>>> print(open('start_18.cif').read())   # mmCIF, C-alpha atoms
data_my_file
#
loop_
_atom_site.label_atom_id
_atom_site.label_comp_id
_atom_site.auth_asym_id
_atom_site.auth_seq_id
_atom_site.Cartn_x
_atom_site.Cartn_y
_atom_site.Cartn_z
CA MET A 1040 -22.53 47.85 -128.23
CA ASN A 1041 -21.50 48.05 -124.57
CA PRO A 1042 -24.43 47.57 -122.15
CA THR A 1043 -25.48 50.62 -120.20
CA TRP A 1044 -25.46 50.77 -116.35
CA LYS A 1045 -29.24 50.29 -116.30
CA VAL A 1046 -28.80 46.69 -117.37
CA TYR A 1047 -27.31 45.82 -113.95
CA PHE A 1048 -30.47 46.95 -112.14
CA GLN A 1049 -32.96 44.97 -114.18
CA PHE A 1050 -34.30 41.90 -112.26
CA SER A 1051 -36.79 39.20 -113.11
CA LYS A 1052 -39.92 38.70 -111.00
CA LYS A 1053 -38.33 35.71 -109.26
CA GLU A 1054 -35.24 37.75 -108.32
CA LEU A 1055 -37.34 40.63 -107.03
CA LYS A 1056 -39.32 38.25 -104.79
CA GLY A 1057 -36.03 36.87 -103.35
CA ILE A 1058 -34.67 40.36 -102.64
CA PHE A 1059 -37.93 41.33 -100.94
CA ALA A 1060 -37.91 38.18 -98.77
CA LEU A 1061 -34.25 38.74 -97.73
CA GLY A 1062 -34.96 42.36 -96.86
CA THR A 1063 -37.95 41.32 -94.75
CA ILE A 1064 -35.83 38.80 -92.80
CA LEU A 1065 -33.07 41.37 -92.12
CA PHE A 1066 -35.56 44.01 -91.03
CA GLY A 1067 -37.33 41.55 -88.74
CA SER A 1068 -34.03 40.50 -87.10
CA VAL A 1069 -33.10 44.12 -86.33
CA LEU A 1070 -36.59 44.81 -84.98
CA LEU A 1071 -36.53 41.74 -82.69
CA SER A 1072 -33.09 42.66 -81.27
CA LYS A 1073 -34.44 46.08 -80.31
CA LEU A 1074 -37.63 44.70 -78.75
CA PHE A 1075 -35.89 41.85 -76.83
CA PRO A 1076 -32.34 42.87 -75.84
CA ALA A 1077 -29.97 40.12 -74.54
CA VAL A 1078 -29.70 39.83 -70.74
CA LYS A 1079 -26.17 39.40 -69.31
CA ASN A 1080 -25.91 36.27 -67.16
CA THR A 1081 -24.06 37.72 -64.19
CA GLU A 1082 -25.21 34.83 -62.04
CA SER A 1083 -23.18 32.34 -64.08
CA LYS A 1084 -20.05 34.49 -63.66
CA THR A 1085 -20.53 34.53 -59.92
CA GLU A 1086 -20.98 30.77 -59.89
CA SER A 1087 -17.81 30.26 -61.94
CA ARG A 1088 -15.82 32.37 -59.48
CA THR A 1089 -17.19 30.34 -56.58
CA GLU A 1090 -16.49 27.04 -58.31
CA SER A 1091 -12.84 28.07 -58.87
CA ILE A 1092 -12.31 27.97 -55.07
CA THR A 1093 -11.60 24.32 -54.22
CA VAL A 1094 -11.75 23.65 -50.50
CA VAL A 1095 -10.87 20.11 -49.43
CA LYS A 1096 -11.67 20.65 -45.75
CA LEU A 1097 -12.35 23.61 -43.47
CA PHE A 1098 -10.74 23.64 -40.03
CA GLU A 1099 -9.32 26.11 -37.53
CA PHE A 1100 -5.80 27.29 -38.37
CA ASP A 1101 -3.17 29.85 -37.45
CA PRO A 1102 -1.68 31.52 -40.58
CA ASN A 1103 1.57 32.05 -38.65
CA GLN A 1104 2.05 28.29 -38.14
CA ILE A 1105 0.11 26.36 -40.81
CA ASP A 1106 2.20 24.18 -43.14
CA SER A 1107 1.90 23.98 -46.92
CA LEU A 1108 -0.11 20.72 -46.99
CA HIS A 1109 -2.88 21.98 -44.72
CA ALA A 1110 -2.90 25.37 -46.46
CA ILE A 1111 -3.61 23.65 -49.79
CA GLN A 1112 -6.40 21.61 -48.15
CA LEU A 1113 -8.03 24.90 -47.17
CA GLY A 1114 -8.18 25.84 -50.85
CA ILE A 1115 -5.29 28.32 -50.85
CA PRO A 1116 -3.63 28.16 -54.31
CA GLU A 1117 -0.05 26.86 -54.42
CA LYS A 1118 1.25 30.26 -55.57
CA GLN A 1119 -0.23 31.96 -52.51
CA VAL A 1120 1.05 29.14 -50.27
CA ARG A 1121 4.57 29.87 -51.51
CA SER A 1122 4.01 33.56 -50.82
CA LEU A 1123 2.84 32.71 -47.29
CA LEU A 1124 5.89 30.57 -46.52
CA HIS A 1125 8.25 33.15 -48.02
CA TYR A 1126 6.62 35.94 -46.00
CA ARG A 1127 7.03 34.00 -42.73
CA ALA A 1128 10.59 32.93 -43.56
CA LYS A 1129 11.53 36.61 -43.92
CA GLY A 1130 10.30 37.22 -40.36
CA GLY A 1131 6.79 38.41 -41.23
CA TYR A 1132 3.74 37.50 -39.14
CA PHE A 1133 0.04 38.25 -39.01
CA LYS A 1134 -1.11 40.22 -35.96
CA ASN A 1135 -4.76 39.16 -36.22
CA GLY A 1136 -7.18 37.27 -38.42
CA ASP A 1137 -8.02 40.27 -40.61
CA ASP A 1138 -4.31 40.70 -41.33
CA PHE A 1139 -4.41 37.48 -43.37
CA ALA A 1140 -6.31 39.34 -46.10
CA ARG A 1141 -3.00 41.10 -46.86
CA LEU A 1142 -1.50 37.87 -48.22
CA TYR A 1143 -0.44 38.71 -51.78
CA GLY A 1144 -2.80 37.23 -54.36
CA LEU A 1145 -5.37 35.87 -51.89
CA SER A 1146 -8.84 36.41 -53.34
CA THR A 1147 -11.50 38.26 -51.35
CA ASP A 1148 -13.99 35.40 -51.79
CA LEU A 1149 -11.59 32.82 -50.35
CA PHE A 1150 -10.67 35.07 -47.44
CA LYS A 1151 -14.36 35.45 -46.52
CA ILE A 1152 -14.67 31.66 -46.43
CA LEU A 1153 -11.54 31.17 -44.30
CA ARG A 1154 -11.94 34.13 -41.92
CA PRO A 1155 -14.25 32.37 -39.37
CA TYR A 1156 -11.69 29.55 -39.06
CA ILE A 1157 -8.64 31.71 -38.31
CA LYS A 1158 -7.60 31.28 -34.67
CA MET A 1159 -4.48 33.22 -33.71
CA GLU A 1160 -2.19 32.01 -30.94
CA GLN A 1161 -0.48 34.52 -28.68
CA ARG A 1162 2.91 35.29 -30.10
CA TYR A 1163 6.02 37.03 -28.89
CA LYS A 1164 6.66 40.38 -30.56
CA ALA A 1165 10.06 42.01 -30.33
CA HIS A 1166 8.65 45.52 -29.97
CA GLU A 1167 6.83 44.51 -26.78
CA TYR A 1168 10.17 44.41 -25.01
CA HIS A 1169 11.08 47.80 -26.47
CA ASN A 1170 7.87 49.24 -25.04
CA ASN A 1171 8.28 47.50 -21.68
CA TYR A 1172 11.95 47.48 -20.74
CA THR A 1173 11.20 46.31 -17.21
CA ALA A 1174 9.57 43.14 -18.52
CA TYR A 1175 12.63 42.41 -20.60
CA ASN A 1176 14.93 42.79 -17.59
CA ASN A 1177 12.73 40.34 -15.73
CA GLU A 1178 13.29 37.84 -18.52
CA LEU A 1179 17.06 38.39 -18.25
CA SER A 1180 16.93 37.73 -14.53
CA LYS A 1181 15.84 34.16 -15.20
CA GLY A 1182 19.41 33.32 -16.20
CA LYS A 1183 21.87 33.34 -19.04
CA LEU A 1184 21.62 30.98 -21.97
CA ASP A 1185 24.48 29.04 -23.61
CA ILE A 1186 23.57 28.93 -27.30
CA ASN A 1187 25.64 25.77 -27.82
CA THR A 1188 23.93 23.68 -25.13
CA ALA A 1189 20.43 25.18 -24.91
CA ASP A 1190 17.65 23.03 -26.33
CA GLU A 1191 14.35 24.11 -27.87
CA LYS A 1192 12.55 24.21 -24.51
CA GLU A 1193 15.22 26.39 -22.85
CA TRP A 1194 15.24 28.81 -25.79
CA ALA A 1195 11.46 29.17 -25.56
CA GLN A 1196 11.41 29.66 -21.78
CA LYS A 1197 14.21 32.20 -21.56
CA THR A 1198 13.84 34.27 -24.72
CA LYS A 1199 10.16 33.93 -25.81
CA ILE A 1200 11.38 33.79 -29.41
CA PRO A 1201 8.81 32.21 -31.82
CA LEU A 1202 9.22 28.45 -32.19
CA PRO A 1203 9.94 28.51 -35.97
CA THR A 1204 12.83 30.92 -35.35
CA ILE A 1205 14.20 28.72 -32.56
CA LYS A 1206 14.15 25.74 -34.92
CA ARG A 1207 16.16 27.73 -37.50
CA ILE A 1208 18.71 28.67 -34.81
CA LEU A 1209 19.14 25.03 -33.81
CA SER A 1210 19.39 23.95 -37.45
CA TYR A 1211 22.08 26.55 -38.08
CA LYS A 1212 24.00 25.36 -35.01
CA LEU A 1213 23.73 21.78 -36.30
CA PHE A 1214 25.24 22.86 -39.60
CA LEU A 1215 28.12 24.73 -37.94
CA GLY A 1216 28.74 22.09 -35.32
CA SER A 1217 28.75 24.80 -32.64
CA PHE A 1218 28.71 28.58 -32.35
CA SER A 1219 32.10 30.21 -31.86
CA SER A 1220 30.61 33.63 -31.02
CA VAL A 1221 27.25 35.21 -30.19
CA SER A 1222 27.46 37.37 -33.33
CA GLN A 1223 26.87 34.27 -35.47
CA LEU A 1224 23.24 34.37 -34.34
CA SER A 1225 22.76 37.45 -36.50
CA LYS A 1226 23.31 35.25 -39.57
CA VAL A 1227 20.36 32.99 -38.78
CA TYR A 1228 17.84 33.32 -41.60
CA GLY A 1229 14.57 34.89 -40.42
CA LEU A 1230 15.91 36.24 -37.11
CA PRO A 1231 15.08 39.99 -37.07
CA ASP A 1232 17.95 42.29 -36.10
CA SER A 1233 15.73 43.88 -33.45
CA THR A 1234 15.27 40.49 -31.76
CA TYR A 1235 19.00 39.73 -31.99
CA GLN A 1236 19.84 43.05 -30.34
CA LEU A 1237 17.44 42.24 -27.50
CA ILE A 1238 18.75 38.77 -26.68
CA ARG A 1239 22.48 39.21 -27.31
CA ARG A 1240 22.98 40.42 -23.70
CA GLN A 1241 21.34 37.27 -22.45
CA VAL A 1242 23.15 34.64 -24.50
CA TYR A 1243 26.79 33.58 -24.41
CA VAL A 1244 29.31 31.07 -25.79
CA LYS A 1245 31.80 29.27 -23.58
CA ASN A 1246 35.40 30.09 -24.42
CA ASN A 1247 36.31 26.45 -24.95
CA GLN A 1248 33.68 26.00 -27.65
CA GLN A 1249 35.12 25.76 -31.15
CA ASN A 1250 33.52 26.44 -34.46
CA LEU A 1251 33.54 22.84 -35.66
CA MET A 1252 31.72 21.51 -38.71
CA ASN A 1253 29.15 18.87 -37.79
CA ALA A 1254 29.84 15.55 -39.52
CA THR A 1255 26.17 14.56 -39.32
CA ALA A 1256 25.17 17.52 -41.52
CA MET A 1257 28.15 17.75 -43.91
CA GLY A 1258 27.61 17.07 -47.60
CA PHE A 1259 30.09 15.95 -50.26
CA ASN A 1260 31.37 19.49 -50.94
CA ASP A 1261 31.84 20.17 -47.21
CA TRP A 1262 34.10 17.12 -46.85
CA LYS A 1263 35.87 18.09 -50.06
CA LYS A 1264 36.75 21.54 -48.66
CA LEU A 1265 38.70 19.93 -45.83
CA GLY A 1266 41.32 18.81 -48.36
CA SER A 1267 42.01 15.62 -46.38
CA PHE A 1268 40.04 13.04 -48.35
CA THR A 1269 39.80 11.73 -51.90
CA ASP A 1270 36.44 11.57 -53.66
CA ARG A 1271 36.32 7.81 -53.10
CA GLN A 1272 36.94 8.23 -49.36
CA ILE A 1273 34.23 10.89 -49.11
CA TRP A 1274 31.65 8.61 -50.75
CA SER A 1275 32.69 5.87 -48.30
CA ILE A 1276 32.15 8.29 -45.38
CA LEU A 1277 28.70 9.30 -46.62
CA ARG A 1278 27.69 5.67 -47.20
CA LEU A 1279 28.93 4.66 -43.74
CA ARG A 1280 27.05 7.55 -42.12
CA LYS A 1281 23.84 6.52 -43.88
CA GLU A 1282 24.25 2.92 -42.70
CA ASN A 1283 24.68 4.17 -39.11
CA GLY A 1284 21.48 6.20 -39.19
CA GLY A 1285 23.11 9.58 -39.86
CA ARG A 1286 25.92 9.24 -37.27
CA ILE A 1287 29.62 8.51 -37.69
CA GLY A 1288 32.25 8.06 -34.99
CA TRP A 1289 35.98 8.66 -34.90
CA GLY A 1290 36.76 4.96 -34.87
CA ASP A 1291 34.60 4.35 -37.94
CA LEU A 1292 36.17 7.29 -39.79
CA VAL A 1293 39.77 6.31 -38.97
CA GLU A 1294 39.15 2.72 -40.00
CA ALA A 1295 37.26 3.57 -43.22
CA CYS A 1296 39.87 6.10 -44.43
CA ASP A 1297 42.95 4.49 -42.82
CA LEU A 1298 43.95 7.73 -41.08
CA THR A 1299 47.17 8.13 -39.15
CA GLN A 1300 47.13 9.42 -35.59
CA THR A 1301 48.38 12.83 -36.75
CA GLU A 1302 45.69 13.06 -39.45
CA ALA A 1303 42.98 12.14 -36.95
CA GLN A 1304 44.16 14.76 -34.43
CA GLU A 1305 44.19 17.47 -37.11
CA LEU A 1306 40.70 16.48 -38.21
CA LYS A 1307 39.40 16.77 -34.64
CA LEU A 1308 40.25 20.46 -34.72
CA ARG A 1309 37.88 20.99 -37.66
CA VAL A 1310 35.09 18.39 -37.46
CA ARG A 1311 32.72 17.29 -34.67
CA LEU A 1312 31.90 13.58 -34.80
CA SER A 1313 29.72 11.35 -32.66
CA ASP A 1314 32.51 10.15 -30.41
#
>>> encode(input="start_18.cif", output="structure tokens")
Amino acid sequence: MNPTWKVYFQFSKKELKGIFALGTILFGSVLLSKLFPAVKNTESKTESRTESITVVKLFEFDPNQIDSLHAIQLGIPEKQVRSLLHYRAKGGYFKNGDDFARLYGLSTDLFKILRPYIKMEQRYKAHEYHNNYTAYNNELSKGKLDINTADEKEWAQKTKIPLPTIKRILSYKLFLGSFSSVSQLSKVYGLPDSTYQLIRRQVYVKNNQQNLMNATAMGFNDWKKLGSFTDRQIWSILRLRKENGGRIGWGDLVEACDLTQTEAQELKLRVRLSD
């Protein structure tokens, strides 16, 4: 005969004692969880957030001028350091210390730590000349500026352009060899159009200046584009320039590449060398 369903609910005394003990343990666990609820450790979370900010050294800094190495020492993460450099390279600047909180990705906790150490230097702003046209005319009265001969000091005195922008202008001139027209300034990376429009009346290029490539800054592909040298000659030029501390003269170039007088004269129309 098949056993009835009642057979499955028949237990021995030993089994009944075990079921009772298990039930008591489960009931006690539920009761204890109600009487003593778990407390969330918010303090440990706060500590973990604080510990994630690694500050090597605290010192006064200007967010418009600080370099990547010192920014990392202040505890600014590398990702935010890249954002800072990119923001400044695009012509952005911070007007005051509180403005630094706008840096993308910068945590509120880190900003609170750094804020007392932010010391802003007075900086030229293009719109100041828009608002005070008389002041700008006074700057113009100090004299014109030849963008091919002016050095960093003259740029700063006569235009009040920020120093990082002046350095980019001079680097661009070094790459070109010389400016052939004032309009080439508008191609300088990080120079706002508003600033260019303000200074273009003040700057000029002498008519006898030519747009020559600068041999001290030319790479392999730049020499290759001239169409006057073989790959072997170009490598010889680059090696010779390195041996001479980054400079190369006409005599060295003619001798190294065995140029004819005609070839040398044609090259002078396209490349600026040391002598």
>>> atom_distance(input="start_18.cif", atom1="CA of Pro1203 in chain A", atom2="CA of Pro1231 in chain A")
12.6 Å
>>> residues_around(input="start_18.cif", residues="Val1221 in chain A", least_positions_apart="3", cutoff="8 Å", atoms="only C-alpha atoms", output="tab-separated table (two decimals) with C-alpha atoms, in the coordinates of the input")
chain	number	residue	atom	x	y	z
A	1186	ILE	CA	23.57	28.93	-27.30
A	1218	PHE	CA	28.71	28.58	-32.35
A	1224	LEU	CA	23.24	34.37	-34.34
A	1239	ARG	CA	22.48	39.21	-27.31
A	1242	VAL	CA	23.15	34.64	-24.50
A	1243	TYR	CA	26.79	33.58	-24.41
A	1244	VAL	CA	29.31	31.07	-25.79
>>> atom_distance(input="start_18.cif", atom1="CA of Arg1309 in chain A", atom2="CA of Met1252 in chain A")
6.3 Å
>>> resolve_selection(input="start_18.cif", expression="the PyMOL selection byres ((chain A and resi 1190) around 12)", output="VMD selection string")
chain A and resid 1184 to 1189 1191 to 1198 1202 1205 to 1206 1208 to 1210 1212 to 1213
>>> residues_around(input="start_18.cif", residues="range 1128-1144 of chain A", least_positions_apart="5", cutoff="7 Å", atoms="only C-alpha atoms", output="PDB file with C-alpha atoms, in the frame of the given file")
ATOM      1  CA  ASN A1103       1.570  32.050 -38.650  1.00  0.00           C
ATOM      2  CA  GLN A1119      -0.230  31.960 -52.510  1.00  0.00           C
ATOM      3  CA  SER A1122       4.010  33.560 -50.820  1.00  0.00           C
ATOM      4  CA  LEU A1123       2.840  32.710 -47.290  1.00  0.00           C
ATOM      5  CA  PHE A1150     -10.670  35.070 -47.440  1.00  0.00           C
ATOM      6  CA  ARG A1154     -11.940  34.130 -41.920  1.00  0.00           C
ATOM      7  CA  ILE A1157      -8.640  31.710 -38.310  1.00  0.00           C
ATOM      8  CA  MET A1159      -4.480  33.220 -33.710  1.00  0.00           C
ATOM      9  CA  GLY A1229      14.570  34.890 -40.420  1.00  0.00           C
ATOM     10  CA  LEU A1230      15.910  36.240 -37.110  1.00  0.00           C
ATOM     11  CA  PRO A1231      15.080  39.990 -37.070  1.00  0.00           C
TER      12      PRO A1231
END
>>> closest_residue(input="start_18.cif", among="A:Lys1199, A:Lys1263, A:Gly1067, A:Ile1115", to="Leu1237 in chain A", atoms="all atoms listed in the file")
A:Lys1199
>>> closest_residue(input="start_18.cif", among="A:Gly1284, A:Gly1290, A:Pro1201, A:Pro1155", to="Phe1100 in chain A", atoms="all atoms listed in the file")
A:Pro1155
>>> atom_distance(input="start_18.cif", atom1="CA of Ala1254 in chain A", atom2="CA of Val1310 in chain A")
6.3 Å
>>> closest_residue(input="start_18.cif", among="A:Leu1312, A:Gln1223, A:Lys1158, A:Leu1145", to="Pro1116 in chain A", atoms="all atoms listed in the file")
A:Leu1145
>>> closest_residue(input="start_18.cif", among="A:Asn1283, A:Gln1236, A:Thr1299, A:Thr1063", to="Thr1255 in chain A", atoms="all atoms listed in the file")
A:Asn1283
>>> resolve_selection(input="start_18.cif", expression="the PyMOL selection byres ((chain A and resi 1110) around 12)", output="ChimeraX atom specification")
/A:1093-1109,1111-1124,1153,1157
>>> closest_residue(input="start_18.cif", among="A:Gly1216, A:Lys1245, A:Val1293, A:Ile1058", to="Gln1272 in chain A", atoms="only C-alpha atoms")
A:Val1293
>>> closest_residue(input="start_18.cif", among="A:Lys1183, A:Leu1251, A:Thr1147, A:Glu1294", to="Leu1306 in chain A", atoms="only C-alpha atoms")
A:Leu1251
